[in-house]
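*Asks:* Please find one structure pasted underneath; my questions will follow.
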Amino acid sequence: MQQHRIIVLGAGYTGASAAGRLARRLHREDVTITLVNAEPDFVERVRMHQVAAGQDLRPRPFSEMFAGTGVALKLARVTAVDVDRKTVTVTGARPTGEAGAPEGAPEPGETLEPAEALEPAETLEYDTLVYALGSGWNSQGVPGTAEFADQLASRPGALRLRERLARLEAGQSVVVVGGGLTGLEAATEIAEARPDLDVALTARGALGEWLSPKGRAHVRKVFAGLGITAHEHAAVTSVAADRVTTADGTSVPAAVTVWTTGFAVHPIARATTLKVTDTGQIMVDRTMRSLSHPDVYAVGDAAMAMGPGDKPLRMSCATGTPMAWQAADAIAARLTGSKIPKTPLRYFNQCVSLGRKEGLIQYVTADDRAVRTALTGRFAATYKELVCKSAAWAVANPTLGLPNRRRRVMTERPQPAPTAEAAA
């Protein structure tokens with residue numbers, strides 16, 4: 001029997017988790033699992049604000065993480081997917097080996113350098129595809145953002161911001177645009193690392209408006225202690241080299257502007273015949289299977305999946321990892337004729353680092369609404385650090401913690417088709 005070819009695109013938290021879990025679930029003689037990624041090591045995306053502030057993270061090479069698992073790493077950049085012919089086109093490919101990285105596709109709006117564009121393309125064929133290319137920063141179409149703002153959605157972006165911050169002299173201004181989790185973490189991390197800078201944050205609404213009263217009060221306390229100025233109800237309408245302008249015409253000085261107003265998915269899926277949303281996310285059922293192409297699964301930021309209360313799951317590591325587990329288990333079950341397990345897709349808390357010494361753990365309902373309970377202070381900072389470490393450990397040890405039940409793939413399998421029960 002020919003081996004069943006599984007290709008996983010992107011090796012962030014979701015792609016790497018899915019590949020490792022598949023390797024644990026399926027017999028090595030029956031399948032090939034290829035992980036396509038542009039970088040040779042794992043990027044802890046949830047720590048990019050720390051990288052920008054000058055901290056160095058521990059390297060996590062995929063060659064070590066996936067050694068001996070049967071997962072093969074293809075170091076290459078994904079340039080196209082043909083879901084009707086079941087092929088993936090990559091460029092800049094380097095030799096495939098046992099191992100296992102996140103962005104396998106260009107950032108939204110990014111253009112390839114001439115040298116990259118001239119690299120020969122290679123076509124990979126698959127039987128099952130796991131699409132986990134994730135997301136990049138979202139300029140929201142605001143004038144000047146692409147030219148003058150920095151971002152934290154990728155390691156190259158965080159490193160560029162790090163260099164710019166290092167060149168700033170005392171008293172110069174940094175403006176973080178966006179009052180979400182990434183904005184709060186970036187502003188506090190930079191202010192703590194560089195108390196000599198004038199750090200400000202602009203938020204479209206009230207500061208921490210989605211948090212509980214206790215959570216909001218703690219954020220304001222930390223901002224005050226770090227000397228961060230909060231411009232509330234101040235949507236930024238343009239960015240210049242030395243300032244940002246808000247909707248009411250206010251000009252806020254900014255030697256460096258950090259843009260954190262959400263994410264945009266990579267454009268590759270939109271260029272296919274996959275059923276996608278207006279934002280380009282792949283529409284999937286309860287098992288993370290494409291609604292239009294049953295041999296394609298999508299996980300993480302690239303997928304539009306529904307959670308409790310029929311609310312779309314937000315882009316986050318907290319939801320991406322369970323989505324990866326669900327997809328891997330569903331693929332393995334369908335290939336081996338086993339019952340498909342159901343991974344809970346719900347929220348428990350929101351973990352926010354506010355520098356190295358402060359944090360906030362906001363407990364939430366299953367559908368992500370804040371409740372009264374929240375942890376604050378140094379204990380919350382330690383809690384958040386443990387969450388980050390455990391997430392990285394789970395990716396670095398993808399086959400640990402699971403029972404050794406590699407099942408054999410059925411020699412005769414029914415043609416895949418979307419199932420009603422999968423969406424239930």
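By order in the structure tokens, chains are A, B, ...; within a chain, residues start at 1; ligands start at 1, following the order shown.
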I'd like the contact shell of A:Ala298 - 7 Å cut-off, only C-alpha atoms, skipping same-chain residues fewer than 2 positions apart - returned as a list in words.
*Replies:* Val130, Tyr131, Ala132, Ile282, Val284, Met288, Arg289, Ser290, Val296, Ala302 and Ala303 of chain A
*Asks:* Kindly save the residues from that selection, with C-alpha atoms included, as an mmCIF file, in the first residue's frame.
*Replies:*
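Writing done, so here's result-v2.cif:
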```
data_model
loop_
_atom_site.group_PDB
_atom_site.id
_atom_site.type_symbol
_atom_site.label_atom_id
_atom_site.label_comp_id
_atom_site.auth_asym_id
_atom_site.auth_seq_id
_atom_site.Cartn_x
_atom_site.Cartn_y
_atom_site.Cartn_z
ATOM 1 C CA VAL A 130 -3.140 20.652 7.279
ATOM 2 C CA TYR A 131 -3.132 24.400 6.622
ATOM 3 C CA ALA A 132 -1.531 26.256 9.539
ATOM 4 C CA ILE A 282 -10.799 28.846 5.864
ATOM 5 C CA VAL A 284 -14.148 24.462 8.843
ATOM 6 C CA MET A 288 -11.324 21.482 11.656
ATOM 7 C CA ARG A 289 -12.102 19.961 8.249
ATOM 8 C CA SER A 290 -12.693 22.320 5.321
ATOM 9 C CA VAL A 296 -7.971 19.819 3.807
ATOM 10 C CA ALA A 302 -6.003 30.539 9.394
ATOM 11 C CA ALA A 303 -9.307 28.836 10.283
#
```
*Asks:* At a cut-off of 8 Å, using only C-alpha atoms, what residues contact A:Ala324? Leave out same-chain residues fewer than 4 positions from it and give the result as a list in words.
*Replies:*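 Non-adjacent residues within range: Thr14, Gly15, Ser17, Ala18, Val299, Gly300, Gly320 and Ala328 of chain A.
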*Asks:* With only C-alpha atoms as the counted atoms, please give the residues lying no more than 12 Å from A:Phe379, apart from itself and same-chain residues fewer than 3 positions off, as a ChimeraX atom specification.
*Replies:* /A:351-354,356-361,374-376,382-386
*Asks:* Could you save the residues just selected, with C-alpha atoms, as a PDB file, in the first residue's frame?
*Replies:*
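Written output follows (again_11.pdb):
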```pdb
ATOM      1  CA  CYS A 351      -3.118  35.645  30.485  1.00  0.00           C
ATOM      2  CA  VAL A 352      -1.450  39.049  30.154  1.00  0.00           C
ATOM      3  CA  SER A 353       2.135  39.890  31.021  1.00  0.00           C
ATOM      4  CA  LEU A 354       2.615  43.484  32.131  1.00  0.00           C
ATOM      5  CA  ARG A 356       8.535  40.991  33.937  1.00  0.00           C
ATOM      6  CA  LYS A 357       7.210  41.763  37.419  1.00  0.00           C
ATOM      7  CA  GLU A 358       3.497  42.278  36.876  1.00  0.00           C
ATOM      8  CA  GLY A 359       0.748  40.289  35.222  1.00  0.00           C
ATOM      9  CA  LEU A 360      -2.980  39.779  34.939  1.00  0.00           C
ATOM     10  CA  ILE A 361      -4.918  36.525  34.723  1.00  0.00           C
ATOM     11  CA  ALA A 374      -8.838  37.931  38.272  1.00  0.00           C
ATOM     12  CA  LEU A 375      -5.313  37.315  39.539  1.00  0.00           C
ATOM     13  CA  THR A 376      -2.856  40.218  39.613  1.00  0.00           C
ATOM     14  CA  THR A 382       4.671  33.892  37.276  1.00  0.00           C
ATOM     15  CA  TYR A 383       1.471  32.170  36.148  1.00  0.00           C
ATOM     16  CA  LYS A 384       1.754  33.727  32.677  1.00  0.00           C
ATOM     17  CA  GLU A 385       5.409  32.695  32.433  1.00  0.00           C
ATOM     18  CA  LEU A 386       4.492  29.104  33.260  1.00  0.00           C
TER      19      LEU A 386
END
```
*Asks:* Neighbours of A:Ala269 within 8 Å (only C-alpha atoms; same-chain residues fewer than 3 positions away dropped), as a VMD selection string?
*Replies:* chain A and resid 81 266 272 274 276 280 to 282
*Asks:* Go ahead and save the residues from that selection, with N, CA and C atoms, as a CSV table (one decimal), in the first residue's frame.
*Replies:*
```
chain,number,residue,atom,x,y,z
A,81,VAL,N,-1.1,27.0,-3.2
A,81,VAL,CA,-1.8,25.8,-2.9
A,81,VAL,C,-2.9,25.5,-3.9
A,266,HIS,N,-2.7,35.0,6.1
A,266,HIS,CA,-1.9,35.0,4.9
A,266,HIS,C,-2.9,34.9,3.7
A,272,THR,N,-7.2,30.2,-3.5
A,272,THR,CA,-7.6,28.9,-3.8
A,272,THR,C,-9.1,28.8,-4.0
A,274,LEU,N,-10.9,27.0,-2.0
A,274,LEU,CA,-11.4,26.7,-0.6
A,274,LEU,C,-12.5,27.7,-0.3
A,276,VAL,N,-13.8,30.3,2.0
A,276,VAL,CA,-13.2,31.1,3.0
A,276,VAL,C,-14.1,32.3,3.4
A,280,GLY,N,-10.6,35.9,4.6
A,280,GLY,CA,-9.6,34.9,4.1
A,280,GLY,C,-9.4,33.7,5.0
A,281,GLN,N,-10.2,33.6,6.1
A,281,GLN,CA,-10.0,32.4,6.9
A,281,GLN,C,-10.8,31.2,6.3
A,282,ILE,N,-10.2,30.0,6.4
A,282,ILE,CA,-10.8,28.8,5.9
A,282,ILE,C,-11.9,28.4,6.8
```
*Asks:* Considering only alpha helix (DSSP H) as DSSP defines it on the backbone, what residues of stretch 185-381 of chain A qualify? List them as an MDAnalysis selection string.
*Replies:* chainID A and resid 185:193 213:226 317:336 377:381
*Asks:* I'd like to know which of A:Val256, A:Val387, A:Leu129, A:Ile7 is closest to A:Arg167, using only C-alpha atoms.
*Replies:* A:Val256
*Asks:* Interatomic distance between atom CA of A:Arg243 and atom CA of A:Met315?
*Replies:* 28.9 Å
*Asks:* Write out as a PyMOL selection string each polymer residue whose atoms come within 12 Å of stretch 244-251 of chain A, counting only C-alpha atoms; drop sequence neighbours fewer than 4 positions from it.
*Replies:* chain A and resi 142-145+148-149+173-177+200-204+231-240+255-259
*Asks:* Do you know which residues are at most 7 Å from A:Thr89 counting only C-alpha atoms, after dropping those on the same chain fewer than 5 positions away, and could you put them as an MDAnalysis selection string?
*Replies:* chainID A and resid 78:81 121:124
*Asks:* At a cut-off of 6 Å, using only C-alpha atoms, what residues contact stretch 332-339 of chain A? Leave out same-chain residues fewer than 3 positions from it and give the result as JSON, numbers by chain.
*Replies:* {"A": [329, 409, 410]}
